[in-house]
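Q: File start-v9.cif below, mmCIF, C-alpha atoms:
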```
data_target
loop_
_atom_site.group_PDB
_atom_site.id
_atom_site.type_symbol
_atom_site.label_atom_id
_atom_site.label_comp_id
_atom_site.auth_asym_id
_atom_site.auth_seq_id
_atom_site.Cartn_x
_atom_site.Cartn_y
_atom_site.Cartn_z
ATOM 1 C CA MET Y 1 25.933 -46.769 -21.775
ATOM 2 C CA ALA Y 2 23.628 -43.966 -20.708
ATOM 3 C CA PRO Y 3 20.586 -43.452 -22.957
ATOM 4 C CA LYS Y 4 20.134 -40.250 -24.917
ATOM 5 C CA SER Y 5 18.468 -37.553 -22.865
ATOM 6 C CA ASP Y 6 15.647 -37.038 -25.384
ATOM 7 C CA SER Y 7 14.859 -40.753 -25.738
ATOM 8 C CA VAL Y 8 12.098 -42.438 -23.726
ATOM 9 C CA GLU Y 9 14.652 -44.170 -21.478
ATOM 10 C CA GLY Y 10 16.619 -40.931 -21.087
ATOM 11 C CA ILE Y 11 13.492 -38.991 -20.020
ATOM 12 C CA VAL Y 12 12.457 -41.722 -17.569
ATOM 13 C CA LEU Y 13 15.984 -42.017 -16.114
ATOM 14 C CA THR Y 14 16.219 -38.252 -15.576
ATOM 15 C CA PHE Y 15 12.829 -38.264 -13.848
ATOM 16 C CA VAL Y 16 13.713 -41.150 -11.513
ATOM 17 C CA ASN Y 17 17.069 -39.581 -10.562
ATOM 18 C CA GLU Y 18 15.481 -36.154 -9.943
ATOM 19 C CA GLN Y 19 12.743 -37.627 -7.764
ATOM 20 C CA ASN Y 20 15.128 -39.932 -5.862
ATOM 21 C CA ARG Y 21 12.256 -41.659 -4.081
ATOM 22 C CA PRO Y 22 10.427 -44.975 -4.496
ATOM 23 C CA LEU Y 23 8.152 -44.932 -7.579
ATOM 24 C CA ASN Y 24 5.819 -47.359 -9.250
ATOM 25 C CA VAL Y 25 5.006 -47.299 -12.932
ATOM 26 C CA GLN Y 26 1.753 -45.369 -12.354
ATOM 27 C CA ASN Y 27 3.601 -42.597 -10.474
ATOM 28 C CA ALA Y 28 6.058 -42.230 -13.327
ATOM 29 C CA ALA Y 29 3.417 -42.453 -16.078
ATOM 30 C CA ASP Y 30 1.244 -39.765 -14.438
ATOM 31 C CA ALA Y 31 4.193 -37.378 -14.068
ATOM 32 C CA LEU Y 32 5.494 -37.975 -17.595
ATOM 33 C CA GLN Y 33 2.225 -37.347 -19.424
ATOM 34 C CA LYS Y 34 3.602 -33.900 -20.308
ATOM 35 C CA PHE Y 35 6.076 -35.720 -22.588
ATOM 36 C CA ASN Y 36 3.187 -37.606 -24.250
ATOM 37 C CA LEU Y 37 4.510 -40.912 -22.913
ATOM 38 C CA LYS Y 38 2.061 -43.781 -22.487
ATOM 39 C CA LYS Y 39 2.106 -46.050 -19.458
ATOM 40 C CA THR Y 40 3.246 -49.008 -21.585
ATOM 41 C CA ALA Y 41 6.272 -47.073 -22.878
ATOM 42 C CA VAL Y 42 7.170 -45.906 -19.355
ATOM 43 C CA GLN Y 43 6.905 -49.476 -18.022
ATOM 44 C CA LYS Y 44 9.159 -50.748 -20.806
ATOM 45 C CA ALA Y 45 11.744 -48.014 -20.160
ATOM 46 C CA LEU Y 46 11.773 -48.654 -16.394
ATOM 47 C CA ASP Y 47 12.324 -52.376 -16.913
ATOM 48 C CA ALA Y 48 15.106 -51.719 -19.445
ATOM 49 C CA LEU Y 49 16.858 -49.301 -17.080
ATOM 50 C CA ALA Y 50 16.524 -51.798 -14.225
ATOM 51 C CA ASP Y 51 17.895 -54.623 -16.355
ATOM 52 C CA ASN Y 52 20.869 -52.459 -17.357
ATOM 53 C CA GLY Y 53 21.553 -51.603 -13.711
ATOM 54 C CA GLN Y 54 20.946 -47.871 -14.222
ATOM 55 C CA ILE Y 55 18.165 -47.805 -11.607
ATOM 56 C CA SER Y 56 17.289 -50.108 -8.724
ATOM 57 C CA PHE Y 57 14.017 -51.961 -8.213
ATOM 58 C CA LYS Y 58 12.314 -54.270 -5.759
ATOM 59 C CA GLU Y 59 9.285 -56.469 -6.242
ATOM 60 C CA TYR Y 60 6.397 -56.477 -3.791
ATOM 61 C CA GLY Y 61 4.092 -59.198 -5.002
ATOM 62 C CA LYS Y 62 3.045 -58.280 -8.514
ATOM 63 C CA GLN Y 63 4.164 -54.668 -8.184
ATOM 64 C CA LYS Y 64 7.629 -53.294 -8.886
ATOM 65 C CA ILE Y 65 9.035 -50.313 -7.042
ATOM 66 C CA TYR Y 66 11.781 -48.374 -8.799
ATOM 67 C CA LEU Y 67 14.418 -46.131 -7.201
ATOM 68 C CA ALA Y 68 17.445 -44.175 -8.376
ATOM 69 C CA ARG Y 69 20.790 -45.788 -7.672
ATOM 70 C CA GLN Y 70 22.128 -44.250 -4.468
ATOM 71 C CA ASP Y 71 25.776 -44.856 -5.289
ATOM 72 C CA GLN Y 72 25.659 -42.067 -7.859
ATOM 73 C CA PHE Y 73 24.886 -39.444 -5.212
ATOM 74 C CA ASN Y 74 27.337 -37.842 -2.821
ATOM 75 C CA ILE Y 75 25.916 -38.676 0.584
ATOM 76 C CA PRO Y 76 27.099 -36.162 3.201
ATOM 77 C CA ASN Y 77 28.660 -37.384 6.420
ATOM 78 C CA ALA Y 78 27.575 -36.247 9.916
ATOM 79 C CA GLN Y 79 29.845 -33.185 9.885
ATOM 80 C CA GLU Y 80 28.615 -32.133 6.462
ATOM 81 C CA LEU Y 81 25.021 -32.603 7.571
ATOM 82 C CA ASP Y 82 25.604 -30.379 10.596
ATOM 83 C CA GLU Y 83 27.125 -27.722 8.360
ATOM 84 C CA MET Y 84 24.175 -27.947 5.975
ATOM 85 C CA LYS Y 85 21.740 -27.585 8.893
ATOM 86 C CA LYS Y 86 23.638 -24.515 10.073
ATOM 87 C CA GLN Y 87 23.555 -22.971 6.592
ATOM 88 C CA ASN Y 88 19.858 -23.760 6.323
ATOM 89 C CA ALA Y 89 19.164 -22.008 9.643
ATOM 90 C CA GLU Y 90 21.118 -18.947 8.486
ATOM 91 C CA LEU Y 91 19.237 -18.917 5.189
ATOM 92 C CA GLN Y 92 15.903 -19.154 7.063
ATOM 93 C CA GLU Y 93 16.867 -16.141 9.198
ATOM 94 C CA GLU Y 94 17.909 -14.213 6.099
ATOM 95 C CA LEU Y 95 14.643 -15.150 4.389
ATOM 96 C CA ALA Y 96 12.630 -13.945 7.407
ATOM 97 C CA ALA Y 97 14.550 -10.649 7.403
ATOM 98 C CA GLN Y 98 13.937 -10.227 3.674
ATOM 99 C CA LYS Y 99 10.212 -10.935 4.127
ATOM 100 C CA LYS Y 100 10.033 -8.350 6.927
ATOM 101 C CA ALA Y 101 11.834 -5.766 4.791
ATOM 102 C CA THR Y 102 9.509 -6.536 1.872
ATOM 103 C CA SER Y 103 6.439 -6.118 4.093
ATOM 104 C CA GLU Y 104 7.715 -2.757 5.336
ATOM 105 C CA VAL Y 105 8.338 -1.553 1.787
ATOM 106 C CA GLU Y 106 4.878 -2.729 0.678
ATOM 107 C CA ALA Y 107 3.285 -0.939 3.662
ATOM 108 C CA GLU Y 108 5.172 2.253 2.767
ATOM 109 C CA ILE Y 109 4.017 1.957 -0.841
ATOM 110 C CA ARG Y 110 0.384 1.548 0.285
ATOM 111 C CA THR Y 111 0.750 4.620 2.507
ATOM 112 C CA LEU Y 112 2.178 6.669 -0.345
ATOM 113 C CA GLN Y 113 -0.569 5.507 -2.684
ATOM 114 C CA SER Y 114 -3.222 6.563 -0.167
ATOM 115 C CA ASN Y 115 -1.759 10.098 0.059
ATOM 116 C CA LEU Y 116 -2.876 12.909 -2.192
ATOM 117 C CA THR Y 117 -1.126 13.369 -5.503
ATOM 118 C CA LEU Y 118 0.639 16.663 -6.260
ATOM 119 C CA GLU Y 119 -2.225 17.640 -8.559
ATOM 120 C CA GLU Y 120 -4.790 16.931 -5.809
ATOM 121 C CA ILE Y 121 -2.728 18.879 -3.256
ATOM 122 C CA ASN Y 122 -2.560 21.897 -5.580
ATOM 123 C CA ALA Y 123 -6.317 21.751 -6.210
ATOM 124 C CA LYS Y 124 -7.065 21.544 -2.479
ATOM 125 C CA GLN Y 125 -4.650 24.391 -1.755
ATOM 126 C CA ALA Y 126 -6.345 26.587 -4.370
ATOM 127 C CA LYS Y 127 -9.765 25.825 -2.862
ATOM 128 C CA LEU Y 128 -8.577 26.658 0.656
ATOM 129 C CA LYS Y 129 -7.011 29.922 -0.541
ATOM 130 C CA SER Y 130 -10.320 30.883 -2.172
ATOM 131 C CA GLU Y 131 -12.236 30.123 1.039
ATOM 132 C CA VAL Y 132 -9.738 32.111 3.139
ATOM 133 C CA LYS Y 133 -10.048 35.075 0.761
ATOM 134 C CA GLU Y 134 -13.837 35.035 1.042
ATOM 135 C CA MET Y 135 -13.650 34.901 4.838
ATOM 136 C CA GLU Y 136 -11.110 37.746 4.943
ATOM 137 C CA GLU Y 137 -13.356 39.924 2.759
ATOM 138 C CA LYS Y 138 -16.319 39.183 5.023
ATOM 139 C CA LEU Y 139 -14.226 40.041 8.094
ATOM 140 C CA LYS Y 140 -13.157 43.359 6.545
ATOM 141 C CA LYS Y 141 -16.786 44.279 5.951
ATOM 142 C CA LEU Y 142 -17.666 43.508 9.556
ATOM 143 C CA GLN Y 143 -14.675 45.458 10.863
ATOM 144 C CA SER Y 144 -15.535 48.470 8.698
ATOM 145 C CA GLY Y 145 -19.026 48.661 10.225
ATOM 146 C CA VAL Y 146 -20.921 47.628 7.113
ATOM 147 C CA VAL Y 147 -24.513 46.762 8.042
ATOM 148 C CA LEU Y 148 -25.286 43.307 6.715
ATOM 149 C CA VAL Y 149 -28.927 43.409 7.848
ATOM 150 C CA LYS Y 150 -30.977 46.584 7.466
ATOM 151 C CA PRO Y 151 -32.484 47.968 10.708
ATOM 152 C CA GLU Y 152 -36.001 47.880 9.257
ATOM 153 C CA ASP Y 153 -35.579 44.232 8.223
ATOM 154 C CA LYS Y 154 -34.249 43.356 11.660
ATOM 155 C CA LYS Y 155 -37.175 45.109 13.356
ATOM 156 C CA ALA Y 156 -39.694 43.354 11.099
ATOM 157 C CA ILE Y 157 -38.199 39.965 11.996
ATOM 158 C CA GLU Y 158 -38.181 40.747 15.710
ATOM 159 C CA ASP Y 159 -41.784 42.001 15.610
ATOM 160 C CA SER Y 160 -42.888 38.876 13.771
ATOM 161 C CA PHE Y 161 -41.076 36.704 16.289
ATOM 162 C CA HIS Y 162 -42.709 38.624 19.169
ATOM 163 C CA GLU Y 163 -46.147 38.154 17.608
ATOM 164 C CA LYS Y 164 -45.626 34.407 17.069
ATOM 165 C CA VAL Y 165 -44.486 33.873 20.671
ATOM 166 C CA ASN Y 166 -47.474 35.812 22.018
ATOM 167 C CA GLN Y 167 -49.851 33.799 19.817
ATOM 168 C CA TRP Y 168 -48.218 30.618 21.015
ATOM 169 C CA ARG Y 169 -48.596 31.634 24.662
ATOM 170 C CA LYS Y 170 -52.240 32.639 24.085
ATOM 171 C CA ARG Y 171 -53.176 29.397 22.313
ATOM 172 C CA LYS Y 172 -51.379 27.330 24.930
ATOM 173 C CA ARG Y 173 -53.405 29.058 27.669
ATOM 174 C CA MET Y 174 -56.664 28.543 25.730
ATOM 175 C CA PHE Y 175 -55.948 24.851 25.242
ATOM 176 C CA LYS Y 176 -55.200 24.401 28.949
ATOM 177 C CA GLU Y 177 -58.487 26.036 29.939
ATOM 178 C CA ILE Y 178 -60.473 23.854 27.529
ATOM 179 C CA TRP Y 179 -58.580 20.701 28.510
ATOM 180 C CA ASP Y 180 -59.061 21.317 32.226
ATOM 181 C CA ALA Y 181 -62.802 21.856 31.688
ATOM 182 C CA ILE Y 182 -63.106 18.590 29.697
ATOM 183 C CA THR Y 183 -61.108 16.420 32.059
ATOM 184 C CA GLU Y 184 -62.204 17.964 35.354
ATOM 185 C CA ASN Y 185 -64.940 15.393 36.022
ATOM 186 C CA SER Y 186 -63.742 12.723 33.542
ATOM 187 C CA PRO Y 187 -63.106 9.266 35.047
ATOM 188 C CA LYS Y 188 -60.456 8.567 32.401
ATOM 189 C CA ASP Y 189 -56.751 8.869 33.078
ATOM 190 C CA GLN Y 190 -55.600 12.136 31.478
ATOM 191 C CA LYS Y 191 -52.467 10.586 29.965
ATOM 192 C CA GLU Y 192 -54.398 7.701 28.398
ATOM 193 C CA PHE Y 193 -57.114 10.096 27.176
ATOM 194 C CA LYS Y 194 -54.479 12.344 25.583
ATOM 195 C CA GLU Y 195 -52.884 9.377 23.789
ATOM 196 C CA GLU Y 196 -56.309 8.167 22.667
ATOM 197 C CA LEU Y 197 -57.003 11.558 21.057
ATOM 198 C CA GLY Y 198 -53.521 11.710 19.547
ATOM 199 C CA LEU Y 199 -52.605 14.918 21.322
ATOM 200 C CA GLU Y 200 -49.006 16.029 21.870
ATOM 201 C CA TYR Y 201 -47.728 18.685 24.264
ATOM 202 C CA ASP Y 202 -44.872 20.967 23.285
ATOM 203 C CA GLU Y 203 -42.596 19.033 25.623
ATOM 204 C CA ASP Y 204 -43.458 15.757 23.874
ATOM 205 C CA VAL Y 205 -41.710 16.993 20.719
ATOM 206 C CA GLY Y 206 -38.817 18.708 22.519
ATOM 207 C CA VAL Y 207 -40.135 22.292 22.246
ATOM 208 C CA ILE Y 208 -40.409 24.592 25.285
ATOM 209 C CA LEU Y 209 -42.218 27.929 25.151
ATOM 210 C CA GLN Y 210 -40.165 29.334 28.014
ATOM 211 C CA SER Y 211 -36.910 29.111 26.021
ATOM 212 C CA TYR Y 212 -38.421 31.223 23.221
ATOM 213 C CA ALA Y 213 -39.861 33.677 25.734
ATOM 214 C CA GLU Y 214 -36.416 34.105 27.291
ATOM 215 C CA LEU Y 215 -34.948 34.717 23.843
ATOM 216 C CA LEU Y 216 -37.598 37.363 23.251
ATOM 217 C CA ASN Y 217 -36.794 39.062 26.568
ATOM 218 C CA SER Y 218 -33.066 39.054 25.796
ATOM 219 C CA ASN Y 219 -33.782 40.810 22.473
ATOM 220 C CA LYS Y 220 -35.750 43.461 24.337
ATOM 221 C CA LYS Y 221 -32.872 44.043 26.776
ATOM 222 C CA ARG Y 222 -30.387 44.470 23.930
ATOM 223 C CA ARG Y 223 -32.585 47.128 22.329
ATOM 224 C CA MET Y 224 -32.773 49.008 25.621
ATOM 225 C CA TYR Y 225 -28.967 49.446 25.877
#
```
Could the structure of this file be written out as structure tokens, please?
A:
Amino acid sequence: MAPKSDSVEGIVLTFVNEQNRPLNVQNAADALQKFNLKKTAVQKALDALADNGQISFKEYGKQKIYLARQDQFNIPNAQELDEMKKQNAELQEELAAQKKATSEVEAEIRTLQSNLTLEEINAKQAKLKSEVKEMEEKLKKLQSGVVLVKPEDKKAIEDSFHEKVNQWRKRKRMFKEIWDAITENSPKDQKEFKEELGLEYDEDVGVILQSYAELLNSNKKRRMY
């Protein structure tokens, strides 16, 4: 007679049949701790089930190995095994296809989440419209001939620029005359001497007087036409 399912023997029998693999008492006791079963109770139940012929067992020295009775299971024949293998292969293909479809959906979701929301789109559109309006108003002013810089202000800036370039040219010439006089009979290498004094030429800092002089000349030509 089969034990009640909620009894100790019933719980142990269900576990052994579900596992359907060789087990010793320690294997069973460890797995059945969730039912608050002690090792002694599990050992007693296994022996009782073995004695009643409800499970099989073999002795290896002092240790007993327990196993579910195989005659209670429907063991498939070769043809059935082949069919099961075929079904398994089909299920694996279906699983792979489902995983691929899931990955594609997840990627699409991530893409959508990274896009702007409708509220953000509207805010950006409003900002762009405002910028376009400002640029259009500025363009209209330029097209209508509105003077954005007063002639007197422009002339003052150009005169100041002209004065600064002339001062630059003058000071550059003065420095060269002094430097040539100092280094004319000096045994020191000019480059080393310059580095020792911490001097820098315009070219050392990426500034060229000639480029500013050309800009000044181009301004003069524009005023002539």
Q: Would you give me, as CSV, each residue of range 103-176 of chain Y having an atom within 12 Å of an atom of range 185-201 of chain Y, along with its shortest atom pair and that distance in Å to one decimal, using all atoms listed in the file and sorting by chain and residue number?
A:
```
residue,atom,partner,partner_atom,distance
Y:Lys172,CA,Y:Tyr201,CA,9.4
Y:Phe175,CA,Y:Tyr201,CA,10.3
Y:Lys176,CA,Y:Tyr201,CA,10.5
```
Q: Please produce a file of the residues just selected, as a PDB file, in the coordinates of the input, where the atoms kept are C-alpha atoms.
A:
```
ATOM      1  CA  LYS Y 172     -51.379  27.330  24.930  1.00  0.00           C
ATOM      2  CA  PHE Y 175     -55.948  24.851  25.242  1.00  0.00           C
ATOM      3  CA  LYS Y 176     -55.200  24.401  28.949  1.00  0.00           C
TER       4      LYS Y 176
END
```
Q: Considering all atoms listed in the file, tabulate each residue of range 46-117 of chain Y that lies at most 10 Å from range 13-37 of chain Y along with its nearest interatomic pair and the corresponding distance in Å to one decimal; arrange the rows by chain and ascending residue number and present them as CSV.
A:
```
residue,atom,partner,partner_atom,distance
Y:Leu46,CA,Y:Val25,CA,7.7
Y:Asp47,CA,Y:Val25,CA,9.8
Y:Leu49,CA,Y:Leu13,CA,7.4
Y:Ala50,CA,Y:Leu13,CA,10.0
Y:Gln54,CA,Y:Leu13,CA,7.9
Y:Ile55,CA,Y:Leu13,CA,7.7
Y:Ser56,CA,Y:Pro22,CA,9.6
Y:Phe57,CA,Y:Pro22,CA,8.7
Y:Lys58,CA,Y:Pro22,CA,9.6
Y:Gln63,CA,Y:Asn24,CA,7.6
Y:Lys64,CA,Y:Asn24,CA,6.2
Y:Ile65,CA,Y:Asn24,CA,4.9
Y:Tyr66,CA,Y:Leu23,CA,5.1
Y:Leu67,CA,Y:Pro22,CA,5.0
Y:Ala68,CA,Y:Asn17,CA,5.1
Y:Arg69,CA,Y:Asn17,CA,7.8
Y:Gln70,CA,Y:Asn20,CA,8.3
Y:Gln72,CA,Y:Asn17,CA,9.3
Y:Phe73,CA,Y:Asn17,CA,9.5
```
Q: Of the residues Y:Asp6, Y:Glu214, Y:Glu90, Y:Asp51, which is the one nearest to Val165 in chain Y, using all atoms listed in the file?
A: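 Using all atoms listed in the file, Val165 in chain Y sits closest to Y:Glu214.
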Q: Ala45 in chain Y: which residues within 9 Å, counting all atoms listed in the file, same-chain residues fewer than 5 positions away excluded, as an mmCIF file with C-alpha atoms, keeping the file's coordinate frame?
A:
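result30.cif, written as the output of this step:
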```cif
data_model
loop_
_atom_site.group_PDB
_atom_site.id
_atom_site.type_symbol
_atom_site.label_atom_id
_atom_site.label_comp_id
_atom_site.auth_asym_id
_atom_site.auth_seq_id
_atom_site.Cartn_x
_atom_site.Cartn_y
_atom_site.Cartn_z
ATOM 1 C CA VAL Y 8 12.098 -42.438 -23.726
ATOM 2 C CA GLU Y 9 14.652 -44.170 -21.478
ATOM 3 C CA GLY Y 10 16.619 -40.931 -21.087
ATOM 4 C CA VAL Y 12 12.457 -41.722 -17.569
ATOM 5 C CA LEU Y 13 15.984 -42.017 -16.114
ATOM 6 C CA THR Y 40 3.246 -49.008 -21.585
ATOM 7 C CA ALA Y 50 16.524 -51.798 -14.225
#
```
Q: Centre and edge lengths, as lines of an AutoDock Vina configuration file, for the axis-aligned box enclosing every listed atom of range 90-101 of chain Y with 8 Å of padding on each of the six sides, in Å to one decimal?
A:
```
center_x = 15.6
center_y = -12.5
center_z = 6.4
size_x = 27.1
size_y = 29.4
size_z = 21.5
```
Q: Work out how far apart CA of Glu203 in chain Y and CA of Arg171 in chain Y are and give it in Å to one decimal.
A: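 Computing the Euclidean distance for CA of Glu203 in chain Y and CA of Arg171 in chain Y yields 15.2 Å.
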Q: Report, in Å with one decimal, the straight-line distance from CA of Val205 in chain Y to CA of Trp168 in chain Y.
A: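 Separation of CA of Val205 in chain Y and CA of Trp168 in chain Y: 15.1 Å.
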